[in-house]
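**Q** Take this structure, written in structure tokens, and hold onto it; I'll ask about it next.
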Amino acid sequence: MLAGSIRAAVTTGVPITSRGQRHSSDTPTNESINPRFAMTSVALGRNEQIRTSPTLIRTPVDPALSCCEPVRGPYLCSMAITPHIVVQGADRATAFYRDAFGAEELSRIPTPDGRLMSVQLRIGDGLLHLADEFPELGVLAPPSIGGTATVLALDVPDAESFFAHAVAAGAEVRQPLTDTFWGDLHGQVDDPFGHRWNIAQHLRDVPHDEIVAAAAQVFGGSDG
């Protein structure tokens with residue numbers, strides 16, 4: 001069974017979160033969807049909170065708490081980030097995300113001209129919204145604006161299988177799977193609609209100072 005979560009990442013493909021120990025036993029699952037693609041929670045969601053010290057580090061939250069301790073003010077309390085993306089061909093994109101990532105369609109809102117104002121998908125416990133382009137409203141997909149500045153990331157327990165399945169469904173390899181210095185087996189694909197996805201499997205915990213030192217070497221040294 002594949003399990004994982006959607007989270008945000010920077011465009012270099014390096015996650016914005018440094019991982020501590022995973023708490024898979026505390027992670028909810030959704031057995032009602034295709035078990036091959038049963039995924040867990042959206043990062044920043046119900047079982048995790050963000051702390052900054054000095055980088056974003058995910059730590060478990062006591063499920064008995066009705067509201068997380070505010071981190072940067074009260075508006076972060078009990079909030080989750082849900083991606084809303086724009087595509088050229090929302091109906092076709094829905095089929096792709098179903099085939100590639102096991103997405104389950106929850107609802108759709110069509111418009112009289114045949115476009116889709118909104119399609120709500122579930123990937124495990126996470127939600128993904130997508131819509132057709134509405135140029136008259138400035139709602140444009142990546143091909144219309146020259147690319148994307150956003151990467152969506154999927155944390156899975158079997159990256160090799162998941163990666164291969166996504167590619168077979170039509171994703172294009174951007175970065176092949178690699179054993180990275182931050183402890184993940186990590187790769188990146190472009191979907192047919194111009195959106196970029198990281199696919200990662202956590203292999204080992206790496207001390208934060210070692211990750212920082214390795215990043216300094218990779219990106220040009222630490223001497224300034």
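Convention: chains lettered A, B, ... in structure tokens order; per-chain residue numbering from 1; ligands numbered from 1 as shown.
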Among the residues of stretch 81-134 of chain A, find those DSSP assigns to strand (DSSP E or B) from the backbone and print them as a list in words.
**A**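 Written out, the strand (DSSP E or B) residues of stretch 81-134 of chain A are His84, Ile85, Val86, Val87, Glu104, Glu105, Leu106, Ser107, Arg108, Ile109, Pro110, Leu116, Met117, Ser118, Val119, Gln120, Leu121, Arg122, Ile123, Gly126, Leu127, Leu128, His129, Leu130, Ala131, Asp132 and Phe134 of chain A.
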**Q** Go ahead and write the residues just picked, C-alpha atoms, as a CSV table (one decimal), in the first residue's frame.
**A**
```csv
chain,number,residue,atom,x,y,z
A,84,HIS,CA,-5.6,25.4,-6.0
A,85,ILE,CA,-4.1,24.9,-9.5
A,86,VAL,CA,-5.2,26.0,-13.0
A,87,VAL,CA,-4.9,23.7,-16.0
A,104,GLU,CA,-10.6,10.6,-6.0
A,105,GLU,CA,-13.0,13.2,-7.4
A,106,LEU,CA,-15.3,14.7,-4.8
A,107,SER,CA,-17.1,17.4,-6.7
A,108,ARG,CA,-17.1,19.6,-9.8
A,109,ILE,CA,-18.7,22.9,-10.8
A,110,PRO,CA,-19.3,23.3,-14.5
A,116,LEU,CA,-15.0,23.7,-15.1
A,117,MET,CA,-14.8,26.4,-12.5
A,118,SER,CA,-13.7,23.9,-9.9
A,119,VAL,CA,-12.9,20.2,-9.4
A,120,GLN,CA,-12.2,19.0,-5.9
A,121,LEU,CA,-10.0,16.0,-5.6
A,122,ARG,CA,-8.9,13.9,-2.6
A,123,ILE,CA,-5.5,12.4,-2.5
A,126,GLY,CA,-5.4,15.8,1.3
A,127,LEU,CA,-7.4,18.0,-1.0
A,128,LEU,CA,-6.4,19.4,-4.4
A,129,HIS,CA,-8.6,21.9,-6.3
A,130,LEU,CA,-8.2,22.5,-10.0
A,131,ALA,CA,-9.9,24.6,-12.6
A,132,ASP,CA,-9.9,25.4,-16.3
A,134,PHE,CA,-10.5,31.8,-17.2
```
**Q** Quick one: of A:His208, A:Arg115, A:Arg174, A:His202, who's nearest to A:Arg92, counting only C-alpha atoms?
**A**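 Among A:His208, A:Arg115, A:Arg174, A:His202, it is A:Arg115 that comes nearest to A:Arg92.
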**Q** A:Gln201: which residues within 8 Å, counting only C-alpha atoms, same-chain residues fewer than 2 positions away excluded, as a compact mmCIF listing (two decimals) with C-alpha atoms, in the first residue's frame?
**A**
```
# COMPACT_ATOMS: atom_id res chain seq x y z
CA ASP A 155 5.78 11.82 0.37
CA VAL A 156 5.36 8.10 -0.28
CA PRO A 157 6.71 4.86 1.23
CA ASP A 158 7.73 3.35 -2.12
CA ALA A 159 9.10 6.10 -4.33
CA ASP A 184 15.20 11.12 0.99
CA LEU A 185 14.98 9.09 -2.19
CA HIS A 186 13.76 12.02 -4.26
CA ILE A 199 8.06 12.38 -5.27
CA LEU A 203 15.10 6.81 4.01
```
**Q** Skipping near chain neighbours, those fewer than 4 positions away, what residues fall within 12 Å of A:Gly170 using only C-alpha atoms, listed as a PDB file with C-alpha atoms, in the first residue's frame?
**A**
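The result, stored in around21.pdb:
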```pdb
ATOM      1  CA  ARG A  92      -8.425  15.621 -18.720  1.00  0.00           C
ATOM      2  CA  ALA A  93      -6.320  16.714 -15.749  1.00  0.00           C
ATOM      3  CA  ALA A  95      -8.310  11.776 -15.239  1.00  0.00           C
ATOM      4  CA  PHE A  96      -4.520  12.152 -15.173  1.00  0.00           C
ATOM      5  CA  TYR A  97      -4.338  12.785 -11.418  1.00  0.00           C
ATOM      6  CA  ARG A  98      -6.615   9.797 -10.880  1.00  0.00           C
ATOM      7  CA  ASP A  99      -4.407   7.529 -12.968  1.00  0.00           C
ATOM      8  CA  ALA A 100      -1.045   8.897 -11.809  1.00  0.00           C
ATOM      9  CA  PHE A 101      -1.668   9.645  -8.120  1.00  0.00           C
ATOM     10  CA  PHE A 163       7.516   7.339  -9.629  1.00  0.00           C
ATOM     11  CA  ALA A 164       7.344   4.643 -12.283  1.00  0.00           C
ATOM     12  CA  HIS A 165       3.549   4.630 -12.162  1.00  0.00           C
ATOM     13  CA  ALA A 166       3.371   8.423 -12.573  1.00  0.00           C
ATOM     14  CA  VAL A 189       8.259  15.049 -12.655  1.00  0.00           C
ATOM     15  CA  ASP A 190       6.298  17.477 -14.800  1.00  0.00           C
ATOM     16  CA  ASP A 191       2.680  16.580 -15.409  1.00  0.00           C
ATOM     17  CA  PRO A 192       1.121  17.097 -18.861  1.00  0.00           C
ATOM     18  CA  PHE A 193      -0.493  20.346 -17.696  1.00  0.00           C
ATOM     19  CA  GLY A 194       2.662  22.194 -16.682  1.00  0.00           C
TER      20      GLY A 194
END
```
**Q** Restricting the calculation to only C-alpha atoms: of A:Thr94, A:Thr111, A:Gln175, A:Thr148, which residue gets closest to A:Arg196?
**A**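 Under the stated criterion, the closest residue is A:Thr148.
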**Q** So how many Å separate atom CA of A:Pro176 and atom CA of A:Asn198, to one decimal?
**A**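 Spanning atom CA of A:Pro176 to atom CA of A:Asn198 is a straight-line distance of 10.3 Å.
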**Q** Go ahead and compute the interatomic distance for atom CA of A:Ala153 and atom CA of A:Ala171, in Å to one decimal.
**A**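 Spanning atom CA of A:Ala153 to atom CA of A:Ala171 is a straight-line distance of 14.0 Å.
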**Q** Check the smallest atom-to-atom distance from each of A:Gly146, A:Gly102, A:Ala215, A:His195 to A:Phe162 using only C-alpha atoms, then report the winner.
**A** A:Gly102
